[in-house]
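Asks: Got a structure here, written out as structure tokens. Questions coming.
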Amino acid sequence: MKMNDMMIISVDDHICEPPNFLDKHVSGDARNTAPKLVTTDKGTDYWDYQGMKLPSVGLNAVVGRVPEEYGIEPTAISQLRKGCYDPKARLEDMDVNGIAASLNFGTAFSFEGGVFHRAKDKALALTHMRAYNDWHIDEWCATDPARFIPCGLLPTWDIDASVAEIKRLAKKGFTAVSLNENPTKQGLPSIHNAYWEPLWKAVVENDIIMCLHIGAGNPAPHASMETPIEAWITTMPMSVSTGASDWLHLAALERYPTMKIALSEGGIGWIPYFLERANFSHARHKAWTNSGFKGTTPRDVFHKHFMTCFIDDEFGLKNLADLNEDLVAYECDYPHSDTLWPEVPEYLWKTVKNLTDTQIDKVTHRNAMNFFRFDPFKTGYTRADLTVSALRAKAVAEKVDVTPRSYGGARPLAEGEKPRVVTSGDIARMFAARDAA
């Protein structure tokens with residue numbers, strides 16, 4: 001196999017919701033009270049919902065910008081690449097990047113819909129969350145159902161409503177939902193509480209994957225406000241290990257052997273040691289901890305239930321034998337700052353070229369298709385249509401411009417100010433200033 005022969009599916013990308021995106025899916029009071037995108041006198045944007053102001057989040061949508069201008073910006077939809085919020089433009093950006101299909105999480109309302117959980121009027125929040133799901137599949141994914149994998153949100157503050165929504169989503173064609181990996185952060189019982197039993201039953205009966213995206217429930221920690229921001233960014237993927245360990249010990253995995261969990265945006269290189277440690281901990285402490293696993297091991301349970309994904313993970317791919325190679329998938333992470341757009345094939349090929357052709361197919365697209373029950377050929381595409389070379393040929397015809405753009409240049413230094421390392425505190429202050437806008 002050569003680089004241009006690869007077919008690539010990304011199981012973790014993101015949407016920056018466009019203005020008025022719910023208008024076709026709500027009416028009357030529900031439409032009047034739906035989230036609204038507001039532009040300030042300074043030209044910045046924020047979402048207004050039930051008294052909450054939700055400004056645009058930087059680093060979440062810097063694709064296409066010059067690297068010197070990464071940071072808390074952009075703050076307005078006018079500063080975003082069109083592919084961030086327009087599904088047709090996204091398809092063009094996927095073409096130029098050689099990406100055949102993509103699963104997308106939201107942005108403005110949190111990866112798992114956390115804003116709806118914080119809303120005071122839960123009846124309206126339920127209506128708007130359901131509308132969000134309808135928009136996601138009926139508009140965004142419907143732009144080309146063979147190239148978008150639907151991922152829904154659940155109103156987990158109401159377990160009966162969540163079960164009803166799972167059933168509704170399954171009928172609409174969803175095969176995945178995004179959940180907070182630590183619901184106690186939302187004021188809900190932990191995943192080990194009987195509260196969740198109806199949801200476990202519903203996701204298994206409807207064959208729905210639960211996606212746990214990093215940063216939703218267990219934010220990546222940083223050592224201090226003086227810590228260089230790169231130190232914080234370095235550990236962000238591995239922060240999923242806290243939630244992964246918690247879910248690995250979920251007793252429901254014993255009761256529901258077909259339950260599926262995806263660790264979204266977490267990387268894979270750390271997992272072999274994580275599983276080694278889990279096995280050691282269980283073997284050493286099970287006599288007094290009364291833990292589960294009932295004759296199996298944590299490693300075996302993980303390899304059975306959990307899908308993992310990677311952006312650029314040479315070490316993890318070299319150690320694929322210590323993972324379940326049938327449950328490893330690729331992620332592009334468009335339009336976040338980690339995305340390798342528009343050069344994903346070049347970076348990916350460097351890390352997979354020493355694998356067998358079968359293994360390359362698995363980690364680039366086959367595992368994603370199997371796990372998410374996704375068929376990119378359902379509307380007439382063939383594999384030849386969705387290879388890197390075929391998609392990039394389309395992008396040439398579409399005249400996709402990948403020239404990095406500047407929106408005013410890097411922040412100028414004040415008089416007498418010397419360049420210094422950007423810290424976690426700098427980013428925290430940027431967030432505070434943004435939230436006060």
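In the structure tokens, chains take the letters A, B, ... in the order shown, each chain's residues start at 1, and ligands count up from 1 in the order shown.
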Among segment 227-300 of chain A, which residues carry a DSSP assignment of strand (DSSP E), reported as an MDAnalysis selection string?

Replies: chainID A and resid 261:264

Asks: Got time to write the residues from that selection, N, CA and C atoms, as an mmCIF file, in the first residue's frame?

Replies:
```cif
data_model
loop_
_atom_site.group_PDB
_atom_site.id
_atom_site.type_symbol
_atom_site.label_atom_id
_atom_site.label_comp_id
_atom_site.auth_asym_id
_atom_site.auth_seq_id
_atom_site.Cartn_x
_atom_site.Cartn_y
_atom_site.Cartn_z
ATOM 1 N N ILE A 261 -17.693 1.519 24.410
ATOM 2 C CA ILE A 261 -17.253 2.821 24.921
ATOM 3 C C ILE A 261 -16.101 3.313 24.045
ATOM 4 N N ALA A 262 -16.162 4.571 23.632
ATOM 5 C CA ALA A 262 -15.076 5.176 22.864
ATOM 6 C C ALA A 262 -14.411 6.260 23.696
ATOM 7 N N LEU A 263 -13.096 6.197 23.810
ATOM 8 C CA LEU A 263 -12.330 7.246 24.481
ATOM 9 C C LEU A 263 -11.886 8.241 23.422
ATOM 10 N N SER A 264 -12.558 9.372 23.350
ATOM 11 C CA SER A 264 -12.372 10.303 22.247
ATOM 12 C C SER A 264 -11.280 11.327 22.544
#
```

Asks: Run DSSP on the backbone and grab whatever in segment 60-139 of chain A lands in alpha helix (DSSP H); send it over as a PyMOL selection string.

Replies: chain A and resi 87-96+114-118+122-135

Asks: With distances taken over only C-alpha atoms, which residue among A:Thr364, A:Thr403, A:Ser78, A:Ser239 lies nearest Trp341 of chain A?

Replies: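 Looking at the shortest contact to Trp341 of chain A, the residue is A:Thr403.
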
Asks: Between atom CA of Lys185 of chain A and atom CA of His285 of chain A, what is the distance, to one decimal in Å?

Replies: 28.1 Å

Asks: Measuring between only C-alpha atoms, which one of A:Asn319, A:Asn182, A:Thr235, A:Asn290 shows the shortest distance to Ile268 of chain A?

Replies: A:Asn319

Asks: Compile the contact shell of Asp23 of chain A as a ChimeraX atom specification: residues with an atom at most 10 Å away, counting only C-alpha atoms, same-chain residues fewer than 6 positions apart removed.

Replies: /A:30-32,34-35,131,135

Asks: In terms of the shortest atom-to-atom distance over only C-alpha atoms, which of A:Pro145, A:Pro257, A:Pro183, A:Pro419 is closest to Glu112 of chain A?

Replies: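 Of A:Pro145, A:Pro257, A:Pro183, A:Pro419, the one nearest Glu112 of chain A is A:Pro183, counting only C-alpha atoms.
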
Asks: Residues at most 7 Å from segment 369-378 of chain A, counting only C-alpha atoms, excluding those fewer than 5 positions away in the same chain, as number ranges by chain?

Replies: A: 146-147, 149, 175

Asks: Which of these residues is nearest to Gly83 of chain A, using only C-alpha atoms: A:Leu54, A:Val402, A:Val163, A:Met3?

Replies: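 Residue with the minimum atom-to-atom distance to Gly83 of chain A: A:Val402.
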
Asks: Please identify all polymer residues within 12 Å of Val203 of chain A, counting only C-alpha atoms, omitting same-chain residues fewer than 2 positions from it, and present them as a PDB file with N, CA, C and O atoms, in the first residue's frame.

Replies:
```pdb
ATOM      1  N   LEU A 154     -27.506  13.477  25.192  1.00  0.00           N
ATOM      2  CA  LEU A 154     -28.558  12.923  26.049  1.00  0.00           C
ATOM      3  C   LEU A 154     -28.838  13.838  27.238  1.00  0.00           C
ATOM      4  O   LEU A 154     -27.911  14.395  27.831  1.00  0.00           O
ATOM      5  N   SER A 162     -33.692  10.317  28.933  1.00  0.00           N
ATOM      6  CA  SER A 162     -32.497   9.834  28.241  1.00  0.00           C
ATOM      7  C   SER A 162     -32.774   8.516  27.527  1.00  0.00           C
ATOM      8  O   SER A 162     -32.366   8.315  26.381  1.00  0.00           O
ATOM      9  N   VAL A 163     -33.474   7.621  28.198  1.00  0.00           N
ATOM     10  CA  VAL A 163     -33.822   6.344  27.577  1.00  0.00           C
ATOM     11  C   VAL A 163     -34.709   6.575  26.356  1.00  0.00           C
ATOM     12  O   VAL A 163     -34.506   5.969  25.295  1.00  0.00           O
ATOM     13  N   ALA A 164     -35.678   7.481  26.507  1.00  0.00           N
ATOM     14  CA  ALA A 164     -36.563   7.793  25.379  1.00  0.00           C
ATOM     15  C   ALA A 164     -35.774   8.387  24.217  1.00  0.00           C
ATOM     16  O   ALA A 164     -36.023   8.066  23.050  1.00  0.00           O
ATOM     17  N   GLU A 165     -34.794   9.246  24.526  1.00  0.00           N
ATOM     18  CA  GLU A 165     -33.995   9.868  23.475  1.00  0.00           C
ATOM     19  C   GLU A 165     -33.080   8.855  22.799  1.00  0.00           C
ATOM     20  O   GLU A 165     -32.868   8.915  21.584  1.00  0.00           O
ATOM     21  N   ILE A 166     -32.556   7.908  23.548  1.00  0.00           N
ATOM     22  CA  ILE A 166     -31.743   6.853  22.946  1.00  0.00           C
ATOM     23  C   ILE A 166     -32.561   6.091  21.909  1.00  0.00           C
ATOM     24  O   ILE A 166     -32.088   5.840  20.787  1.00  0.00           O
ATOM     25  N   LYS A 167     -33.762   5.738  22.272  1.00  0.00           N
ATOM     26  CA  LYS A 167     -34.618   4.999  21.343  1.00  0.00           C
ATOM     27  C   LYS A 167     -34.956   5.842  20.115  1.00  0.00           C
ATOM     28  O   LYS A 167     -34.963   5.341  18.984  1.00  0.00           O
ATOM     29  N   ARG A 168     -35.219   7.126  20.342  1.00  0.00           N
ATOM     30  CA  ARG A 168     -35.538   8.018  19.227  1.00  0.00           C
ATOM     31  C   ARG A 168     -34.333   8.187  18.306  1.00  0.00           C
ATOM     32  O   ARG A 168     -34.463   8.146  17.078  1.00  0.00           O
ATOM     33  N   LEU A 169     -33.161   8.387  18.896  1.00  0.00           N
ATOM     34  CA  LEU A 169     -31.956   8.567  18.103  1.00  0.00           C
ATOM     35  C   LEU A 169     -31.629   7.321  17.290  1.00  0.00           C
ATOM     36  O   LEU A 169     -31.207   7.409  16.126  1.00  0.00           O
ATOM     37  N   ALA A 170     -31.797   6.161  17.891  1.00  0.00           N
ATOM     38  CA  ALA A 170     -31.514   4.916  17.183  1.00  0.00           C
ATOM     39  C   ALA A 170     -32.399   4.792  15.938  1.00  0.00           C
ATOM     40  O   ALA A 170     -31.933   4.370  14.871  1.00  0.00           O
ATOM     41  N   PHE A 174     -28.735   7.276  14.466  1.00  0.00           N
ATOM     42  CA  PHE A 174     -27.561   7.492  15.303  1.00  0.00           C
ATOM     43  C   PHE A 174     -27.014   6.152  15.781  1.00  0.00           C
ATOM     44  O   PHE A 174     -27.777   5.242  16.114  1.00  0.00           O
ATOM     45  N   THR A 175     -25.701   6.053  15.868  1.00  0.00           N
ATOM     46  CA  THR A 175     -25.083   4.878  16.476  1.00  0.00           C
ATOM     47  C   THR A 175     -24.184   5.265  17.642  1.00  0.00           C
ATOM     48  O   THR A 175     -23.531   4.400  18.227  1.00  0.00           O
ATOM     49  N   ALA A 176     -24.133   6.569  17.983  1.00  0.00           N
ATOM     50  CA  ALA A 176     -23.264   7.022  19.067  1.00  0.00           C
ATOM     51  C   ALA A 176     -23.878   8.216  19.779  1.00  0.00           C
ATOM     52  O   ALA A 176     -24.638   8.990  19.193  1.00  0.00           O
ATOM     53  N   VAL A 177     -23.532   8.334  21.066  1.00  0.00           N
ATOM     54  CA  VAL A 177     -23.894   9.510  21.858  1.00  0.00           C
ATOM     55  C   VAL A 177     -22.656   9.946  22.631  1.00  0.00           C
ATOM     56  O   VAL A 177     -21.743   9.155  22.877  1.00  0.00           O
ATOM     57  N   SER A 178     -22.625  11.224  23.004  1.00  0.00           N
ATOM     58  CA  SER A 178     -21.500  11.766  23.773  1.00  0.00           C
ATOM     59  C   SER A 178     -21.942  11.969  25.213  1.00  0.00           C
ATOM     60  O   SER A 178     -22.967  12.610  25.480  1.00  0.00           O
ATOM     61  N   LEU A 179     -21.188  11.409  26.150  1.00  0.00           N
ATOM     62  CA  LEU A 179     -21.512  11.496  27.570  1.00  0.00           C
ATOM     63  C   LEU A 179     -20.364  12.125  28.349  1.00  0.00           C
ATOM     64  O   LEU A 179     -19.198  12.047  27.957  1.00  0.00           O
ATOM     65  N   TRP A 196     -28.035   4.820  36.820  1.00  0.00           N
ATOM     66  CA  TRP A 196     -27.705   4.698  35.410  1.00  0.00           C
ATOM     67  C   TRP A 196     -28.153   3.386  34.771  1.00  0.00           C
ATOM     68  O   TRP A 196     -28.050   3.221  33.553  1.00  0.00           O
ATOM     69  N   GLU A 197     -28.659   2.461  35.550  1.00  0.00           N
ATOM     70  CA  GLU A 197     -28.983   1.143  35.011  1.00  0.00           C
ATOM     71  C   GLU A 197     -29.925   1.197  33.806  1.00  0.00           C
ATOM     72  O   GLU A 197     -29.698   0.489  32.800  1.00  0.00           O
ATOM     73  N   PRO A 198     -30.997   2.014  33.819  1.00  0.00           N
ATOM     74  CA  PRO A 198     -31.857   2.065  32.622  1.00  0.00           C
ATOM     75  C   PRO A 198     -31.114   2.544  31.374  1.00  0.00           C
ATOM     76  O   PRO A 198     -31.403   2.091  30.261  1.00  0.00           O
ATOM     77  N   LEU A 199     -30.154   3.441  31.557  1.00  0.00           N
ATOM     78  CA  LEU A 199     -29.391   3.929  30.408  1.00  0.00           C
ATOM     79  C   LEU A 199     -28.480   2.840  29.867  1.00  0.00           C
ATOM     80  O   LEU A 199     -28.378   2.649  28.652  1.00  0.00           O
ATOM     81  N   TRP A 200     -27.807   2.114  30.777  1.00  0.00           N
ATOM     82  CA  TRP A 200     -26.955   1.017  30.308  1.00  0.00           C
ATOM     83  C   TRP A 200     -27.775   0.029  29.480  1.00  0.00           C
ATOM     84  O   TRP A 200     -27.325  -0.397  28.398  1.00  0.00           O
ATOM     85  N   LYS A 201     -28.927  -0.303  29.971  1.00  0.00           N
ATOM     86  CA  LYS A 201     -29.784  -1.263  29.278  1.00  0.00           C
ATOM     87  C   LYS A 201     -30.183  -0.735  27.900  1.00  0.00           C
ATOM     88  O   LYS A 201     -30.163  -1.454  26.904  1.00  0.00           O
ATOM     89  N   GLU A 205     -29.259  -2.358  24.259  1.00  0.00           N
ATOM     90  CA  GLU A 205     -30.366  -2.876  23.443  1.00  0.00           C
ATOM     91  C   GLU A 205     -30.431  -2.197  22.081  1.00  0.00           C
ATOM     92  O   GLU A 205     -30.880  -2.796  21.098  1.00  0.00           O
ATOM     93  N   ASN A 206     -30.008  -0.940  22.015  1.00  0.00           N
ATOM     94  CA  ASN A 206     -30.057  -0.192  20.753  1.00  0.00           C
ATOM     95  C   ASN A 206     -28.691  -0.096  20.072  1.00  0.00           C
ATOM     96  O   ASN A 206     -28.549   0.600  19.066  1.00  0.00           O
ATOM     97  N   ASP A 207     -27.692  -0.797  20.640  1.00  0.00           N
ATOM     98  CA  ASP A 207     -26.347  -0.864  20.073  1.00  0.00           C
ATOM     99  C   ASP A 207     -25.771   0.531  19.835  1.00  0.00           C
ATOM    100  O   ASP A 207     -25.290   0.856  18.737  1.00  0.00           O
ATOM    101  N   ILE A 208     -25.817   1.353  20.877  1.00  0.00           N
ATOM    102  CA  ILE A 208     -25.327   2.724  20.824  1.00  0.00           C
ATOM    103  C   ILE A 208     -23.977   2.811  21.534  1.00  0.00           C
ATOM    104  O   ILE A 208     -23.822   2.338  22.664  1.00  0.00           O
ATOM    105  N   ILE A 209     -22.998   3.435  20.872  1.00  0.00           N
ATOM    106  CA  ILE A 209     -21.673   3.632  21.477  1.00  0.00           C
ATOM    107  C   ILE A 209     -21.714   4.862  22.374  1.00  0.00           C
ATOM    108  O   ILE A 209     -22.301   5.889  22.015  1.00  0.00           O
ATOM    109  N   MET A 210     -21.082   4.784  23.542  1.00  0.00           N
ATOM    110  CA  MET A 210     -20.951   5.932  24.437  1.00  0.00           C
ATOM    111  C   MET A 210     -19.568   6.540  24.245  1.00  0.00           C
ATOM    112  O   MET A 210     -18.545   5.905  24.543  1.00  0.00           O
ATOM    113  N   CYS A 211     -19.510   7.764  23.729  1.00  0.00           N
ATOM    114  CA  CYS A 211     -18.253   8.462  23.500  1.00  0.00           C
ATOM    115  C   CYS A 211     -17.923   9.330  24.709  1.00  0.00           C
ATOM    116  O   CYS A 211     -18.742  10.155  25.129  1.00  0.00           O
ATOM    117  N   ALA A 252     -21.322  -2.670  35.291  1.00  0.00           N
ATOM    118  CA  ALA A 252     -22.244  -2.928  34.192  1.00  0.00           C
ATOM    119  C   ALA A 252     -21.562  -3.627  33.022  1.00  0.00           C
ATOM    120  O   ALA A 252     -22.233  -4.302  32.225  1.00  0.00           O
ATOM    121  N   TYR A 256     -23.344  -6.445  30.855  1.00  0.00           N
ATOM    122  CA  TYR A 256     -23.633  -6.143  29.451  1.00  0.00           C
ATOM    123  C   TYR A 256     -22.365  -6.359  28.619  1.00  0.00           C
ATOM    124  O   TYR A 256     -21.614  -5.424  28.344  1.00  0.00           O
ATOM    125  N   THR A 258     -21.777  -6.658  25.587  1.00  0.00           N
ATOM    126  CA  THR A 258     -21.660  -5.996  24.282  1.00  0.00           C
ATOM    127  C   THR A 258     -21.628  -4.471  24.410  1.00  0.00           C
ATOM    128  O   THR A 258     -21.701  -3.774  23.401  1.00  0.00           O
ATOM    129  N   MET A 259     -21.509  -3.951  25.615  1.00  0.00           N
ATOM    130  CA  MET A 259     -21.447  -2.500  25.797  1.00  0.00           C
ATOM    131  C   MET A 259     -20.201  -1.949  25.101  1.00  0.00           C
ATOM    132  O   MET A 259     -19.122  -2.528  25.168  1.00  0.00           O
ATOM    133  N   LYS A 260     -20.377  -0.776  24.446  1.00  0.00           N
ATOM    134  CA  LYS A 260     -19.280  -0.162  23.690  1.00  0.00           C
ATOM    135  C   LYS A 260     -18.992   1.243  24.206  1.00  0.00           C
ATOM    136  O   LYS A 260     -19.905   2.058  24.368  1.00  0.00           O
ATOM    137  N   ILE A 261     -17.693   1.519  24.410  1.00  0.00           N
ATOM    138  CA  ILE A 261     -17.253   2.821  24.921  1.00  0.00           C
ATOM    139  C   ILE A 261     -16.101   3.313  24.045  1.00  0.00           C
ATOM    140  O   ILE A 261     -15.171   2.554  23.752  1.00  0.00           O
TER     141      ILE A 261
END
```

Asks: Between A:Cys16, A:Val11, A:Ala428, A:Val66, single out the one closest to Leu103 of chain A, counting only C-alpha atoms.

Replies: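 Distance minimum relative to Leu103 of chain A lands on A:Val11.
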
Asks: Nearest to Thr234 of chain A among A:Met1, A:Leu340, A:Ala220, A:Val352, with distances taken over only C-alpha atoms: which residue is it?

Replies: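 The shortest atom-to-atom distance to Thr234 of chain A comes from A:Ala220.
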
Asks: Leaving out Thr44 of chain A and any residue of its chain fewer than 2 positions from it, which residues lie within 7 Å of it when counting only C-alpha atoms, given as a VMD selection string?

Replies: chain A and resid 39 to 40 42 46 75 to 76

Asks: Take the residues that were just selected and, keeping N, CA and C atoms, output them as a CSV table (one decimal), in the first residue's frame.

Replies:
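To be explicit, this is the file written out as again.csv:
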```
chain,number,residue,atom,x,y,z
A,39,THR,N,-23.6,39.4,18.4
A,39,THR,CA,-22.3,40.0,18.1
A,39,THR,C,-22.2,41.3,18.9
A,40,THR,N,-21.1,41.5,19.6
A,40,THR,CA,-21.0,42.7,20.5
A,40,THR,C,-20.5,43.9,19.6
A,42,LYS,N,-17.8,45.3,19.9
A,42,LYS,CA,-16.4,45.1,19.5
A,42,LYS,C,-16.2,44.1,18.4
A,46,TYR,N,-20.9,35.8,21.0
A,46,TYR,CA,-21.1,34.9,22.1
A,46,TYR,C,-22.5,34.3,21.9
A,75,THR,N,-12.6,34.9,18.3
A,75,THR,CA,-13.7,35.3,19.1
A,75,THR,C,-15.0,35.6,18.3
A,76,ALA,N,-14.9,35.4,17.0
A,76,ALA,CA,-16.1,35.7,16.2
A,76,ALA,C,-16.1,34.7,15.0
```

Asks: Give me, as a PyMOL selection string, all polymer residues having an atom no more than 10 Å from Ile233 of chain A, counting only C-alpha atoms and skipping those fewer than 3 positions away in the same chain.

Replies: chain A and resi 220-222+228-230+236-238+338+424

Asks: Rounded to one decimal place, report the atom CA of Glu346 of chain A-atom CA of Gly106 of chain A distance in Å.

Replies: 27.0 Å

Asks: Could you work out how far atom CA of Ala100 of chain A lies from atom CA of Val388 of chain A, giving the answer in Å with one decimal?

Replies: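 Result for atom CA of Val388 of chain A versus atom CA of Ala100 of chain A: 7.9 Å, one decimal.
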